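Listing of run-v1.csv, CSV, N, CA and C atoms
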chain,number,residue,atom,x,y,z
A,1,MET,N,109.3,81.6,73.1
A,1,MET,CA,110.0,82.8,72.9
A,1,MET,C,110.5,83.3,74.2
A,2,ALA,N,111.7,83.8,74.2
A,2,ALA,CA,112.3,84.3,75.5
A,2,ALA,C,111.7,85.7,75.9
A,3,ASN,N,111.6,85.9,77.2
A,3,ASN,CA,111.1,87.1,77.7
A,3,ASN,C,112.2,88.1,77.7
A,4,LEU,N,111.9,89.3,77.2
A,4,LEU,CA,112.9,90.4,77.1
A,4,LEU,C,112.5,91.5,77.9
A,5,MET,N,113.5,92.1,78.6
A,5,MET,CA,113.2,93.3,79.4
A,5,MET,C,114.1,94.5,78.9
A,6,MET,N,113.5,95.6,78.5
A,6,MET,CA,114.2,96.7,78.0
A,6,MET,C,114.1,97.8,79.0
A,7,LEU,N,115.3,98.4,79.3
A,7,LEU,CA,115.4,99.6,80.1
A,7,LEU,C,115.8,100.8,79.3
A,8,ARG,N,115.1,101.8,79.4
A,8,ARG,CA,115.4,103.1,78.7
A,8,ARG,C,115.9,104.1,79.7
A,9,PHE,N,117.0,104.7,79.3
A,9,PHE,CA,117.7,105.7,80.2
A,9,PHE,C,117.8,107.0,79.4
A,10,PRO,N,117.7,108.1,80.2
A,10,PRO,CA,117.8,109.4,79.5
A,10,PRO,C,119.3,109.5,78.9
A,11,SER,N,119.4,110.2,77.8
A,11,SER,CA,120.7,110.4,77.2
A,11,SER,C,121.7,111.1,78.0
A,12,SER,N,121.2,111.8,79.0
A,12,SER,CA,122.1,112.6,79.9
A,12,SER,C,122.8,111.7,81.0
A,13,LEU,N,122.3,110.4,81.0
A,13,LEU,CA,122.9,109.5,82.0
A,13,LEU,C,124.3,109.0,81.5
A,14,ARG,N,125.3,109.4,82.2
A,14,ARG,CA,126.7,109.2,81.7
A,14,ARG,C,127.1,107.7,81.9
A,15,SER,N,126.7,107.1,83.0
A,15,SER,CA,127.1,105.7,83.2
A,15,SER,C,126.1,105.0,84.1
A,16,PHE,N,126.0,103.7,84.0
A,16,PHE,CA,125.1,103.0,84.9
A,16,PHE,C,125.7,101.5,85.0
A,17,SER,N,125.2,100.8,86.0
A,17,SER,CA,125.7,99.4,86.1
A,17,SER,C,124.5,98.5,86.3
A,18,VAL,N,124.5,97.3,85.8
A,18,VAL,CA,123.4,96.4,86.0
A,18,VAL,C,124.1,95.1,86.5
A,19,SER,N,123.5,94.5,87.6
A,19,SER,CA,124.0,93.3,88.2
A,19,SER,C,122.8,92.3,88.1
A,20,ALA,N,123.0,91.1,87.5
A,20,ALA,CA,122.0,90.2,87.4
A,20,ALA,C,121.8,89.3,88.6
A,21,SER,N,122.7,89.4,89.5
A,21,SER,CA,122.5,88.5,90.7
A,21,SER,C,122.1,89.3,91.9
A,22,SER,N,121.4,88.6,92.8
A,22,SER,CA,120.9,89.2,94.0
A,22,SER,C,120.7,88.1,95.0
A,23,SER,N,121.0,88.4,96.3
A,23,SER,CA,120.8,87.4,97.3
A,23,SER,C,119.4,87.2,97.7
A,24,ASN,N,118.5,88.1,97.3
A,24,ASN,CA,117.1,88.0,97.7
A,24,ASN,C,116.1,87.8,96.6
A,25,GLY,N,116.6,87.4,95.4
A,25,GLY,CA,115.7,87.2,94.3
A,25,GLY,C,115.1,88.4,93.7
A,26,SER,N,115.5,89.6,94.0
A,26,SER,CA,114.9,90.8,93.5
A,26,SER,C,115.5,91.0,92.1
A,27,PRO,N,114.9,91.9,91.3
A,27,PRO,CA,115.3,92.2,90.0
A,27,PRO,C,116.7,92.8,90.0
A,28,PRO,N,117.4,93.0,88.8
A,28,PRO,CA,118.7,93.5,88.7
A,28,PRO,C,118.9,94.8,89.4
A,29,VAL,N,120.1,95.1,89.8
A,29,VAL,CA,120.4,96.4,90.5
A,29,VAL,C,120.8,97.4,89.5
A,30,ILE,N,120.3,98.6,89.6
A,30,ILE,CA,120.6,99.7,88.7
A,30,ILE,C,121.3,100.8,89.5
A,31,GLY,N,122.5,101.3,89.1
A,31,GLY,CA,123.2,102.3,89.8
A,31,GLY,C,122.8,103.7,89.2
A,32,GLY,N,122.9,104.7,90.0
A,32,GLY,CA,122.6,106.1,89.6
A,32,GLY,C,123.7,106.6,88.7
A,33,SER,N,123.6,107.9,88.3
A,33,SER,CA,124.5,108.5,87.4
A,33,SER,C,125.8,108.8,88.2
A,34,SER,N,126.9,108.9,87.4
A,34,SER,CA,128.2,109.2,88.1
A,34,SER,C,128.2,110.6,88.6
A,35,GLY,N,129.1,110.9,89.5
A,35,GLY,CA,129.1,112.3,90.0
A,35,GLY,C,128.3,112.5,91.3
A,36,GLY,N,127.7,111.4,91.8
A,36,GLY,CA,127.0,111.5,93.0
A,36,GLY,C,125.7,112.3,93.0
A,37,VAL,N,125.1,112.4,91.8
A,37,VAL,CA,123.9,113.2,91.7
A,37,VAL,C,122.7,112.3,91.9
A,38,GLY,N,121.8,112.5,92.8
A,38,GLY,CA,120.6,111.7,93.0
A,38,GLY,C,120.9,110.4,93.7
A,39,PRO,N,119.8,109.7,94.1
A,39,PRO,CA,120.0,108.4,94.8
A,39,PRO,C,120.5,107.3,93.9
A,40,MET,N,121.1,106.3,94.5
A,40,MET,CA,121.6,105.1,93.8
A,40,MET,C,120.9,103.9,94.4
A,41,ILE,N,120.5,102.9,93.6
A,41,ILE,CA,119.9,101.7,94.1
A,41,ILE,C,121.0,100.6,94.0
A,42,VAL,N,121.4,100.1,95.2
A,42,VAL,CA,122.4,99.1,95.3
A,42,VAL,C,122.0,98.1,96.4
A,43,GLU,N,122.7,96.9,96.3
A,43,GLU,CA,122.6,95.9,97.4
A,43,GLU,C,123.7,96.2,98.4
A,44,LEU,N,123.3,96.3,99.6
A,44,LEU,CA,124.3,96.5,100.7
A,44,LEU,C,124.2,95.4,101.7
A,45,PRO,N,125.4,95.0,102.2
A,45,PRO,CA,125.3,94.0,103.3
A,45,PRO,C,124.6,94.5,104.5
A,46,LEU,N,123.7,93.7,105.1
A,46,LEU,CA,122.9,94.1,106.3
A,46,LEU,C,123.8,94.7,107.4
A,47,GLU,N,125.0,94.1,107.6
A,47,GLU,CA,125.8,94.5,108.7
A,47,GLU,C,126.4,95.9,108.5
A,48,LYS,N,126.4,96.4,107.3
A,48,LYS,CA,126.9,97.7,106.9
A,48,LYS,C,125.9,98.9,107.2
A,49,ILE,N,124.7,98.5,107.5
A,49,ILE,CA,123.6,99.5,107.7
A,49,ILE,C,123.4,99.7,109.2
A,50,ARG,N,123.6,100.9,109.7
A,50,ARG,CA,123.3,101.2,111.1
A,50,ARG,C,121.8,101.6,111.2
A,51,ARG,N,121.2,101.1,112.2
A,51,ARG,CA,119.8,101.3,112.5
A,51,ARG,C,119.6,102.0,113.8
A,52,PRO,N,119.8,103.3,113.9
A,52,PRO,CA,119.8,104.0,115.2
A,52,PRO,C,118.5,104.0,115.9
A,53,LEU,N,117.4,103.8,115.2
A,53,LEU,CA,116.0,103.9,115.8
A,53,LEU,C,115.5,102.5,116.3
A,54,MET,N,116.3,101.4,116.0
A,54,MET,CA,115.8,100.1,116.4
A,54,MET,C,115.7,99.9,117.9
A,55,ARG,N,116.5,100.7,118.7
A,55,ARG,CA,116.4,100.6,120.1
A,55,ARG,C,115.1,101.1,120.7
A,56,THR,N,114.5,102.1,119.9
A,56,THR,CA,113.3,102.8,120.5
A,56,THR,C,112.0,102.3,119.8
A,57,ARG,N,112.1,101.5,118.8
A,57,ARG,CA,110.9,101.1,118.1
A,57,ARG,C,110.8,99.6,117.9
A,58,SER,N,109.6,99.1,117.9
A,58,SER,CA,109.5,97.6,117.7
A,58,SER,C,108.6,97.4,116.4
A,59,ASN,N,108.9,96.4,115.7
A,59,ASN,CA,108.2,96.1,114.5
A,59,ASN,C,107.0,95.2,114.7
A,60,ASP,N,106.0,95.3,113.9
A,60,ASP,CA,104.8,94.5,113.9
A,60,ASP,C,105.2,93.1,113.3
A,61,GLN,N,105.2,92.1,114.1
A,61,GLN,CA,105.7,90.8,113.7
A,61,GLN,C,104.9,90.1,112.7
A,62,ASN,N,103.6,90.4,112.6
A,62,ASN,CA,102.7,89.9,111.5
A,62,ASN,C,103.1,90.5,110.2
A,63,LYS,N,103.5,91.8,110.2
A,63,LYS,CA,103.9,92.4,109.0
A,63,LYS,C,105.3,91.9,108.5
A,64,VAL,N,106.2,91.6,109.5
A,64,VAL,CA,107.5,91.0,109.2
A,64,VAL,C,107.3,89.6,108.5
A,65,LYS,N,106.4,88.8,109.1
A,65,LYS,CA,106.1,87.5,108.6
A,65,LYS,C,105.6,87.6,107.1
A,66,GLU,N,104.6,88.5,106.9
A,66,GLU,CA,104.0,88.6,105.6
A,66,GLU,C,105.1,89.1,104.6
A,67,LEU,N,106.0,89.9,105.0
A,67,LEU,CA,107.1,90.4,104.1
A,67,LEU,C,108.1,89.2,103.8
A,68,MET,N,108.3,88.4,104.8
A,68,MET,CA,109.2,87.3,104.6
A,68,MET,C,108.6,86.3,103.6
A,69,ASP,N,107.3,86.1,103.7
A,69,ASP,CA,106.7,85.2,102.7
A,69,ASP,C,106.8,85.8,101.3
A,70,SER,N,106.5,87.1,101.2
A,70,SER,CA,106.6,87.8,99.9
A,70,SER,C,108.0,87.8,99.3
A,71,ILE,N,109.0,88.1,100.2
A,71,ILE,CA,110.4,88.2,99.7
A,71,ILE,C,110.8,86.8,99.2
A,72,ARG,N,110.4,85.7,99.9
A,72,ARG,CA,110.7,84.3,99.5
A,72,ARG,C,110.1,84.1,98.1
A,73,GLN,N,108.9,84.6,97.9
A,73,GLN,CA,108.2,84.3,96.6
A,73,GLN,C,108.7,85.1,95.4
A,74,ILE,N,108.8,86.5,95.7
A,74,ILE,CA,109.0,87.4,94.5
A,74,ILE,C,110.2,88.3,94.8
A,75,GLY,N,110.9,88.2,95.9
A,75,GLY,CA,112.0,89.1,96.1
A,75,GLY,C,111.5,90.4,96.7
A,76,LEU,N,112.4,91.2,97.1
A,76,LEU,CA,112.1,92.6,97.7
A,76,LEU,C,111.7,93.5,96.5
A,77,GLN,N,110.5,94.1,96.6
A,77,GLN,CA,110.0,94.9,95.5
A,77,GLN,C,110.3,96.4,95.7
A,78,VAL,N,110.5,96.9,97.0
A,78,VAL,CA,110.7,98.3,97.2
A,78,VAL,C,112.0,98.4,98.1
A,79,PRO,N,113.0,99.1,97.6
A,79,PRO,CA,114.3,99.2,98.4
A,79,PRO,C,114.0,100.0,99.6
A,80,ILE,N,114.9,99.8,100.7
A,80,ILE,CA,114.8,100.6,101.9
A,80,ILE,C,115.6,101.9,101.6
A,81,ASP,N,115.2,103.0,102.3
A,81,ASP,CA,116.0,104.2,102.1
A,81,ASP,C,117.1,104.3,103.1
A,82,VAL,N,118.3,104.6,102.6
A,82,VAL,CA,119.5,104.7,103.4
A,82,VAL,C,120.2,106.0,103.1
A,83,ILE,N,120.7,106.6,104.2
A,83,ILE,CA,121.5,107.9,104.0
A,83,ILE,C,123.0,107.5,104.3
A,84,GLU,N,123.8,108.0,103.4
A,84,GLU,CA,125.3,107.8,103.5
A,84,GLU,C,125.9,109.1,104.0
A,85,VAL,N,126.5,109.0,105.2
A,85,VAL,CA,127.2,110.1,105.8
A,85,VAL,C,128.6,109.7,106.1
A,86,ASP,N,129.6,110.4,105.5
A,86,ASP,CA,131.0,110.1,105.7
A,86,ASP,C,131.3,108.6,105.6
A,87,GLY,N,130.8,107.9,104.6
A,87,GLY,CA,131.1,106.5,104.3
A,87,GLY,C,130.3,105.5,105.2
A,88,ALA,N,129.5,106.0,106.1
A,88,ALA,CA,128.7,105.1,106.9
A,88,ALA,C,127.2,105.2,106.4
A,89,TYR,N,126.5,104.1,106.5
A,89,TYR,CA,125.2,104.0,106.0
A,89,TYR,C,124.2,103.9,107.2
A,90,TYR,N,123.1,104.7,107.1
A,90,TYR,CA,122.1,104.8,108.2
A,90,TYR,C,120.7,104.5,107.6
A,91,GLY,N,120.0,103.6,108.1
A,91,GLY,CA,118.7,103.3,107.7
A,91,GLY,C,117.6,103.8,108.6
A,92,PHE,N,116.6,104.5,108.1
A,92,PHE,CA,115.6,105.1,109.0
A,92,PHE,C,114.2,104.6,108.5
A,93,SER,N,114.1,104.0,107.3
A,93,SER,CA,112.8,103.5,106.9
A,93,SER,C,113.1,102.1,106.5
A,94,GLY,N,112.0,101.3,106.3
A,94,GLY,CA,112.1,99.9,105.8
A,94,GLY,C,112.5,99.0,107.0
A,95,CYS,N,112.1,99.4,108.2
A,95,CYS,CA,112.4,98.5,109.4
A,95,CYS,C,111.9,97.1,109.2
A,96,HIS,N,110.6,97.0,108.7
A,96,HIS,CA,110.0,95.6,108.6
A,96,HIS,C,110.7,94.8,107.5
A,97,ARG,N,111.1,95.5,106.4
A,97,ARG,CA,111.8,94.8,105.3
A,97,ARG,C,113.2,94.4,105.8
A,98,TYR,N,113.8,95.3,106.5
A,98,TYR,CA,115.2,94.9,107.0
A,98,TYR,C,115.1,93.7,108.0
A,99,GLU,N,114.2,93.7,108.9
A,99,GLU,CA,114.0,92.6,109.8
A,99,GLU,C,113.7,91.3,109.1
A,100,ALA,N,112.8,91.4,108.1
A,100,ALA,CA,112.5,90.2,107.3
A,100,ALA,C,113.7,89.6,106.6
A,101,HIS,N,114.6,90.5,106.1
A,101,HIS,CA,115.8,90.0,105.5
A,101,HIS,C,116.7,89.3,106.5
A,102,GLN,N,116.8,89.9,107.7
A,102,GLN,CA,117.6,89.3,108.8
A,102,GLN,C,117.1,87.9,109.1
A,103,LYS,N,115.7,87.8,109.3
A,103,LYS,CA,115.2,86.5,109.7
A,103,LYS,C,115.3,85.5,108.6
A,104,LEU,N,115.3,85.9,107.4
A,104,LEU,CA,115.5,85.0,106.2
A,104,LEU,C,116.9,84.6,106.1
A,105,GLY,N,117.8,85.3,106.8
A,105,GLY,CA,119.2,84.9,106.6
A,105,GLY,C,119.9,85.5,105.4
A,106,LEU,N,119.3,86.5,104.8
A,106,LEU,CA,119.8,87.1,103.5
A,106,LEU,C,120.9,88.0,103.9
A,107,PRO,N,122.1,88.0,103.2
A,107,PRO,CA,123.2,88.8,103.6
A,107,PRO,C,123.1,90.2,103.1
A,108,THR,N,122.3,90.5,102.1
A,108,THR,CA,122.2,91.9,101.6
A,108,THR,C,120.8,92.3,101.4
A,109,ILE,N,120.6,93.6,101.3
A,109,ILE,CA,119.3,94.2,101.0
A,109,ILE,C,119.4,95.3,100.0
A,110,ARG,N,118.4,95.4,99.2
A,110,ARG,CA,118.4,96.5,98.2
A,110,ARG,C,118.1,97.8,98.9
A,111,CYS,N,118.9,98.8,98.6
A,111,CYS,CA,118.8,100.1,99.2
A,111,CYS,C,118.8,101.3,98.2
A,112,LYS,N,118.0,102.3,98.5
A,112,LYS,CA,118.1,103.5,97.8
A,112,LYS,C,118.9,104.5,98.6
A,113,ILE,N,120.2,104.7,98.2
A,113,ILE,CA,121.1,105.5,98.9
A,113,ILE,C,121.2,107.0,98.5
A,114,ARG,N,121.0,107.8,99.5
A,114,ARG,CA,121.2,109.3,99.3
A,114,ARG,C,122.4,109.8,100.1
A,115,LYS,N,123.2,110.6,99.6
A,115,LYS,CA,124.2,111.3,100.3
A,115,LYS,C,123.6,112.3,101.3
A,116,GLY,N,124.2,112.3,102.5
A,116,GLY,CA,123.7,113.2,103.5
A,116,GLY,C,124.9,113.8,104.3
A,117,THR,N,124.5,114.8,105.2
A,117,THR,CA,125.5,115.4,106.0
A,117,THR,C,125.2,115.0,107.5
A,118,LYS,N,126.1,115.4,108.4
A,118,LYS,CA,125.8,115.1,109.8
A,118,LYS,C,124.6,115.9,110.3
A,119,GLU,N,124.3,117.0,109.7
A,119,GLU,CA,123.1,117.8,110.0
A,119,GLU,C,121.9,117.0,109.5
A,120,THR,N,121.9,116.4,108.4
A,120,THR,CA,120.8,115.5,107.9
A,120,THR,C,120.6,114.4,108.9
A,121,LEU,N,121.7,113.8,109.3
A,121,LEU,CA,121.6,112.7,110.3
A,121,LEU,C,120.9,113.1,111.6
A,122,ARG,N,121.3,114.3,112.1
A,122,ARG,CA,120.7,114.8,113.3
A,122,ARG,C,119.2,115.0,113.2
A,123,HIS,N,118.8,115.6,112.0
A,123,HIS,CA,117.4,115.8,111.7
A,123,HIS,C,116.6,114.5,111.8
A,124,HIS,N,117.1,113.4,111.3
A,124,HIS,CA,116.4,112.1,111.3
A,124,HIS,C,116.4,111.5,112.6
A,125,LEU,N,117.2,111.9,113.5
A,125,LEU,CA,117.3,111.3,114.9
A,125,LEU,C,116.3,112.0,115.8
A,126,ARG,N,115.7,113.1,115.4
A,126,ARG,CA,114.8,113.9,116.3
A,126,ARG,C,113.5,113.1,116.5

Re-express the file's structure as structure tokens.
Amino acid sequence: MANLMMLRFPSSLRSFSVSASSSNGSPPVIGGSSGGVGPMIVELPLEKIRRPLMRTRSNDQNKVKELMDSIRQIGLQVPIDVIEVDGAYYGFSGCHRYEAHQKLGLPTIRCKIRKGTKETLRHHLR
């Protein structure tokens, strides 16, 4: 018997999209509601994500290796958080997951994107 997966969405959800392909073996991508309300879960190319804190922080390489092994086996389970400001994407969390994707040579990573302002961006850089 085939395995079936059922997703239930609130009736107030006006639109959504599902993509069955992913470069990292993770489950299908679900987009947020139209109108820009709330975060959206999408696959973004790694080169589109700016990492302003990478210059000042280093990752635990044991954790990166463990994540690489996990991503190879079961895909990325938790998306990284990204802030979109004026069409540019900034990542402040998920540094180990991001580096694991880089080292695995994966072109995209699953992201939870929230809209932000320049003030939001300044707050995260403190």

Using all atoms listed in the file, which of A:Cys111, A:Leu121, A:Val82, A:Val64 sits nearest Arg97 (chain A)?
A:Val64

Nearest to Phe92 (chain A): which of A:Leu53, A:Ile71, A:Leu106, A:Val78 is it, counting only C-alpha atoms?
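Using only C-alpha atoms, Phe92 (chain A) sits closest to A:Leu53.
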
Report the distance between atom C of Ile80 (chain A) and CA of Arg122 (chain A) in Å, rounded to one decimal place.
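Here the two named atoms are 18.1 Å from each other.
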
Quote the spacing between atom N of Met68 (chain A) and atom C of Thr120 (chain A) in Å to one decimal place.
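It comes out at 29.1 Å.
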
How many Å lie between CA of Arg110 (chain A) and CA of Pro79 (chain A), rounded to one decimal?
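Calculated distance between CA of Arg110 (chain A) and CA of Pro79 (chain A) is 4.9 Å.
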
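Shortest separation to Lys115 (chain A) among A:Pro52, A:Val85, A:Gln77, A:Asp69 occurs at residue A:Val85, atoms counted being all atoms listed in the file.
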
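Nearest to Glu47 (chain A) of all the residues A:Lys112, A:Pro107, A:Gly75, A:Glu119 is A:Pro107, counting only N, CA and C atoms.
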
Using only C-alpha atoms, which residue out of A:Val42, A:His124, A:Leu67, A:Thr117 lies closest to Gly87 (chain A)?
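Selected residue with least distance to Gly87 (chain A): A:Thr117.
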
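Proximity ranking of A:Ile83, A:Lys48, A:Ala100, A:Ile113 relative to Glu66 (chain A) places A:Ala100 first, based on only N, CA and C atoms.
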
Could you pull out the alpha helix (DSSP H) residues of region 27-102 of chain A, going by DSSP on the backbone, and write them as a PyMOL selection string?
chain A and resi 61-74+95-102

Output file for the residues above (N, CA and C atoms, as a short mmCIF file (atom, residue, chain, number, x, y, z; two decimals), in the coordinates of the input):
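Result file is result-v8.cif:
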data_model
loop_
_atom_site.label_atom_id
_atom_site.label_comp_id
_atom_site.auth_asym_id
_atom_site.auth_seq_id
_atom_site.Cartn_x
_atom_site.Cartn_y
_atom_site.Cartn_z
N GLN A 61 105.20 92.10 114.10
CA GLN A 61 105.70 90.80 113.70
C GLN A 61 104.90 90.10 112.70
N ASN A 62 103.60 90.40 112.60
CA ASN A 62 102.70 89.90 111.50
C ASN A 62 103.10 90.50 110.20
N LYS A 63 103.50 91.80 110.20
CA LYS A 63 103.90 92.40 109.00
C LYS A 63 105.30 91.90 108.50
N VAL A 64 106.20 91.60 109.50
CA VAL A 64 107.50 91.00 109.20
C VAL A 64 107.30 89.60 108.50
N LYS A 65 106.40 88.80 109.10
CA LYS A 65 106.10 87.50 108.60
C LYS A 65 105.60 87.60 107.10
N GLU A 66 104.60 88.50 106.90
CA GLU A 66 104.00 88.60 105.60
C GLU A 66 105.10 89.10 104.60
N LEU A 67 106.00 89.90 105.00
CA LEU A 67 107.10 90.40 104.10
C LEU A 67 108.10 89.20 103.80
N MET A 68 108.30 88.40 104.80
CA MET A 68 109.20 87.30 104.60
C MET A 68 108.60 86.30 103.60
N ASP A 69 107.30 86.10 103.70
CA ASP A 69 106.70 85.20 102.70
C ASP A 69 106.80 85.80 101.30
N SER A 70 106.50 87.10 101.20
CA SER A 70 106.60 87.80 99.90
C SER A 70 108.00 87.80 99.30
N ILE A 71 109.00 88.10 100.20
CA ILE A 71 110.40 88.20 99.70
C ILE A 71 110.80 86.80 99.20
N ARG A 72 110.40 85.70 99.90
CA ARG A 72 110.70 84.30 99.50
C ARG A 72 110.10 84.10 98.10
N GLN A 73 108.90 84.60 97.90
CA GLN A 73 108.20 84.30 96.60
C GLN A 73 108.70 85.10 95.40
N ILE A 74 108.80 86.50 95.70
CA ILE A 74 109.00 87.40 94.50
C ILE A 74 110.20 88.30 94.80
N CYS A 95 112.10 99.40 108.20
CA CYS A 95 112.40 98.50 109.40
C CYS A 95 111.90 97.10 109.20
N HIS A 96 110.60 97.00 108.70
CA HIS A 96 110.00 95.60 108.60
C HIS A 96 110.70 94.80 107.50
N ARG A 97 111.10 95.50 106.40
CA ARG A 97 111.80 94.80 105.30
C ARG A 97 113.20 94.40 105.80
N TYR A 98 113.80 95.30 106.50
CA TYR A 98 115.20 94.90 107.00
C TYR A 98 115.10 93.70 108.00
N GLU A 99 114.20 93.70 108.90
CA GLU A 99 114.00 92.60 109.80
C GLU A 99 113.70 91.30 109.10
N ALA A 100 112.80 91.40 108.10
CA ALA A 100 112.50 90.20 107.30
C ALA A 100 113.70 89.60 106.60
N HIS A 101 114.60 90.50 106.10
CA HIS A 101 115.80 90.00 105.50
C HIS A 101 116.70 89.30 106.50
N GLN A 102 116.80 89.90 107.70
CA GLN A 102 117.60 89.30 108.80
C GLN A 102 117.10 87.90 109.10
#
